[in-house]
Amino acid sequence: EAEVAQSPRYKITEKSQAVAFWCDPISGHATLYWYRQILGQGPELLVQFQDESVVDDSQLPKDRFSAERLKGVDSTLKIQPAELGDSAMYLCASSLNGDPYNEQFFGPGTRLTVL
Amino acid sequence: AQRVTQPEKLLSVFKGAPVELKCNYSYSGSPELFWYVQYSRQRLQLLLRHISRESIKGFTADLNKGETSFHLKKPFAQEEDSAMYYCALPFSGGYNKLIFGAGTRLAVHP
């Protein structure tokens, strides 16, 4: 069964360092999402791609976060420099298209700890 | 602003007892709502959606527009129902963006 893949699963870094997360969505899914989930809260959308284009990055802290999906397939989320408050679970999800009734399929997440 | 509220962080019941996980939303139109679930050591996954009017694993959810609620119910809880449950509302301003509640942890004791 096709699944969303993410790596690494865990990342520990020191503040001011750069980190990068990778996501490979389910094949054929045009829409890709990056969520941040802080402990005790629900996932919050950081950025959404439709194919290779960003369609929503209103909650992405653009001074330190960047995301790309160059060929409209896999995606990378980068943080530079990392801050203590960035410690969270970073979830990637994909869906067939931007239809709001479509199910989103989630990856296992990357747990980031910033020391 | 659109918002999803799950007032209980933890719901603890015994096996066989009824379960109701509360979800309230703020939205001016006719919403489509979802329940997502995360079992221990598994990824977040869709449990059910309002539009499908279905029962999944014995769970149902009814949209009450008057009370702006979409509570998740099951008449007889099982130990395998223990998980984190998130209510989610699609954002009306554009693409398929979901607004999640903070989640409720359901613990079913033997």
# chains A, B, ... in the order shown; residues from 1 in each chain; ligands from 1
>>> interface_residues(of="chain B", to="chain A", cutoff="8 Å", atoms="only C-alpha atoms", output="number ranges by chain")
B: 32, 42-46, 86, 90, 95-103
>>> write_last_selection(atoms="N, CA and C atoms", output="PDB file, in the first residue's frame")
ATOM      1  N   GLU B  32     -17.963  21.116   5.912  1.00  0.00           N
ATOM      2  CA  GLU B  32     -17.617  19.716   5.797  1.00  0.00           C
ATOM      3  C   GLU B  32     -16.621  19.452   6.905  1.00  0.00           C
ATOM      4  N   GLN B  42       1.434   4.941  15.250  1.00  0.00           N
ATOM      5  CA  GLN B  42       0.944   4.952  13.876  1.00  0.00           C
ATOM      6  C   GLN B  42       0.790   6.392  13.409  1.00  0.00           C
ATOM      7  N   ARG B  43       0.627   6.554  12.120  1.00  0.00           N
ATOM      8  CA  ARG B  43       0.491   7.894  11.572  1.00  0.00           C
ATOM      9  C   ARG B  43      -0.949   8.368  11.652  1.00  0.00           C
ATOM     10  N   LEU B  44      -1.116   9.660  11.571  1.00  0.00           N
ATOM     11  CA  LEU B  44      -2.438  10.273  11.575  1.00  0.00           C
ATOM     12  C   LEU B  44      -3.219   9.795  10.348  1.00  0.00           C
ATOM     13  N   GLN B  45      -4.472   9.417  10.543  1.00  0.00           N
ATOM     14  CA  GLN B  45      -5.268   8.891   9.423  1.00  0.00           C
ATOM     15  C   GLN B  45      -6.720   9.326   9.571  1.00  0.00           C
ATOM     16  N   LEU B  46      -7.390   9.369   8.440  1.00  0.00           N
ATOM     17  CA  LEU B  46      -8.796   9.746   8.439  1.00  0.00           C
ATOM     18  C   LEU B  46      -9.635   8.657   9.080  1.00  0.00           C
ATOM     19  N   TYR B  86      -8.636  13.836  16.460  1.00  0.00           N
ATOM     20  CA  TYR B  86      -8.615  15.241  16.053  1.00  0.00           C
ATOM     21  C   TYR B  86      -9.808  15.536  15.152  1.00  0.00           C
ATOM     22  N   PRO B  90     -12.259  22.096   6.982  1.00  0.00           N
ATOM     23  CA  PRO B  90     -11.589  22.726   5.840  1.00  0.00           C
ATOM     24  C   PRO B  90     -11.732  24.230   5.891  1.00  0.00           C
ATOM     25  N   TYR B  95      -7.745  26.563  -0.987  1.00  0.00           N
ATOM     26  CA  TYR B  95      -7.540  25.158  -1.254  1.00  0.00           C
ATOM     27  C   TYR B  95      -7.823  24.293  -0.033  1.00  0.00           C
ATOM     28  N   ASN B  96      -7.488  23.027  -0.173  1.00  0.00           N
ATOM     29  CA  ASN B  96      -7.848  22.021   0.812  1.00  0.00           C
ATOM     30  C   ASN B  96      -7.008  22.153   2.076  1.00  0.00           C
ATOM     31  N   LYS B  97      -7.150  23.217   2.784  1.00  0.00           N
ATOM     32  CA  LYS B  97      -6.421  23.456   4.025  1.00  0.00           C
ATOM     33  C   LYS B  97      -7.305  23.063   5.182  1.00  0.00           C
ATOM     34  N   LEU B  98      -6.788  22.245   6.065  1.00  0.00           N
ATOM     35  CA  LEU B  98      -7.544  21.794   7.216  1.00  0.00           C
ATOM     36  C   LEU B  98      -7.147  22.554   8.471  1.00  0.00           C
ATOM     37  N   ILE B  99      -8.135  22.933   9.255  1.00  0.00           N
ATOM     38  CA  ILE B  99      -7.891  23.514  10.569  1.00  0.00           C
ATOM     39  C   ILE B  99      -8.211  22.420  11.579  1.00  0.00           C
ATOM     40  N   PHE B 100      -7.208  22.055  12.373  1.00  0.00           N
ATOM     41  CA  PHE B 100      -7.372  20.977  13.338  1.00  0.00           C
ATOM     42  C   PHE B 100      -7.667  21.516  14.729  1.00  0.00           C
ATOM     43  N   GLY B 101      -8.441  20.752  15.484  1.00  0.00           N
ATOM     44  CA  GLY B 101      -8.555  21.014  16.907  1.00  0.00           C
ATOM     45  C   GLY B 101      -7.312  20.508  17.623  1.00  0.00           C
ATOM     46  N   ALA B 102      -7.256  20.760  18.918  1.00  0.00           N
ATOM     47  CA  ALA B 102      -6.070  20.386  19.701  1.00  0.00           C
ATOM     48  C   ALA B 102      -6.013  18.892  19.999  1.00  0.00           C
ATOM     49  N   GLY B 103      -7.126  18.197  19.787  1.00  0.00           N
ATOM     50  CA  GLY B 103      -7.133  16.761  19.988  1.00  0.00           C
ATOM     51  C   GLY B 103      -7.622  16.332  21.362  1.00  0.00           C
TER      52      GLY B 103
END
>>> atom_distance(atom1="atom CA of A:Tyr35", atom2="atom CA of B:Leu47")
18.8 Å
>>> residues_around(residues="B:Met84", least_positions_apart="2", cutoff="9 Å", atoms="only C-alpha atoms", output="PyMOL selection string")
chain B and resi 10+36-40+44+82+86+103-107
>>> residues_around(residues="B:Thr60", least_positions_apart="5", cutoff="7 Å", atoms="only C-alpha atoms", output="PDB file with C-alpha atoms, in the first residue's frame")
ATOM      1  CA  GLU B  54     -20.793   6.497   7.408  1.00  0.00           C
ATOM      2  CA  SER B  55     -19.991   4.499  10.506  1.00  0.00           C
ATOM      3  CA  LEU B  72     -17.871  11.651  17.671  1.00  0.00           C
ATOM      4  CA  LYS B  73     -19.805   8.841  19.313  1.00  0.00           C
ATOM      5  CA  LYS B  74     -19.526   5.118  19.886  1.00  0.00           C
TER       6      LYS B  74
END
>>> residues_around(residues="B:Ser28", least_positions_apart="6", cutoff="12 Å", atoms="only C-alpha atoms", output="list of chain:residue names")
B:Ala1, B:Gln2, B:Arg3, B:Lys65, B:Gly66, B:Thr68, B:Phe91, B:Ser92
>>> write_last_selection(atoms="N, CA and C atoms", output="short mmCIF file (atom, residue, chain, number, x, y, z; two decimals), in the first residue's frame")
data_model
loop_
_atom_site.label_atom_id
_atom_site.label_comp_id
_atom_site.auth_asym_id
_atom_site.auth_seq_id
_atom_site.Cartn_x
_atom_site.Cartn_y
_atom_site.Cartn_z
N ALA B 1 -13.26 34.29 12.62
CA ALA B 1 -12.25 33.36 12.13
C ALA B 1 -12.73 31.93 12.35
N GLN B 2 -12.33 31.07 11.42
CA GLN B 2 -12.70 29.67 11.58
C GLN B 2 -11.87 29.03 12.69
N ARG B 3 -12.54 28.23 13.50
CA ARG B 3 -11.87 27.64 14.65
C ARG B 3 -12.52 26.31 14.98
N LYS B 65 -25.86 21.83 13.20
CA LYS B 65 -25.56 23.21 12.81
C LYS B 65 -26.04 24.20 13.86
N GLY B 66 -27.11 23.88 14.56
CA GLY B 66 -27.63 24.79 15.58
C GLY B 66 -26.65 24.97 16.72
N THR B 68 -23.46 24.07 16.37
CA THR B 68 -22.14 24.08 15.71
C THR B 68 -21.24 23.01 16.31
N PHE B 91 -10.65 24.92 5.62
CA PHE B 91 -10.63 26.37 5.58
C PHE B 91 -11.37 26.85 4.35
N SER B 92 -12.26 27.81 4.52
CA SER B 92 -13.12 28.22 3.41
C SER B 92 -12.45 29.18 2.45
#
>>> select_by_dssp(residues="stretch 19-80 of chain B", states="strand (DSSP E)", output="list in words")
Val19, Glu20, Leu21, Asn24, Tyr25, Ser26, Phe34, Trp35, Tyr36, Val37, Gln38, Gln45, Leu46, Leu47, Leu48, Arg49, Thr60, Ala61, Asp62, Leu63, Asn64, Ser69, Phe70, His71, Leu72, Lys73 and Lys74 of chain B
>>> atom_distance(atom1="atom CA of A:Leu77", atom2="atom CA of A:Gly28")
20.2 Å
>>> closest_residue(among="B:Arg49, B:His109, B:Lys57, B:Lys15", to="B:Leu89", atoms="only C-alpha atoms")
B:Arg49
>>> residues_around(residues="B:His50", least_positions_apart="3", cutoff="7 Å", atoms="only C-alpha atoms", output="VMD selection string")
chain B and resid 32 to 34 53
>>> closest_residue(among="A:Val19, A:Leu112, A:Met89, A:Ile26", to="A:Ala67", atoms="only C-alpha atoms")
A:Val19
>>> residues_around(residues="A:Pro81", least_positions_apart="6", cutoff="8 Å", atoms="only C-alpha atoms", output="PyMOL selection string")
chain A and resi 15-19+64
>>> write_last_selection(atoms="C-alpha atoms", output="compact mmCIF listing (two decimals), in the first residue's frame")
# COMPACT_ATOMS: atom_id res chain seq x y z
CA LYS A 15 19.97 26.54 17.89
CA SER A 16 21.30 28.59 15.02
CA GLN A 17 22.02 25.45 12.99
CA ALA A 18 20.31 24.58 9.73
CA VAL A 19 18.01 21.57 9.39
CA ARG A 64 13.85 31.26 8.60
>>> atom_distance(atom1="atom CA of A:Trp22", atom2="atom CA of A:Pro8")
7.3 Å
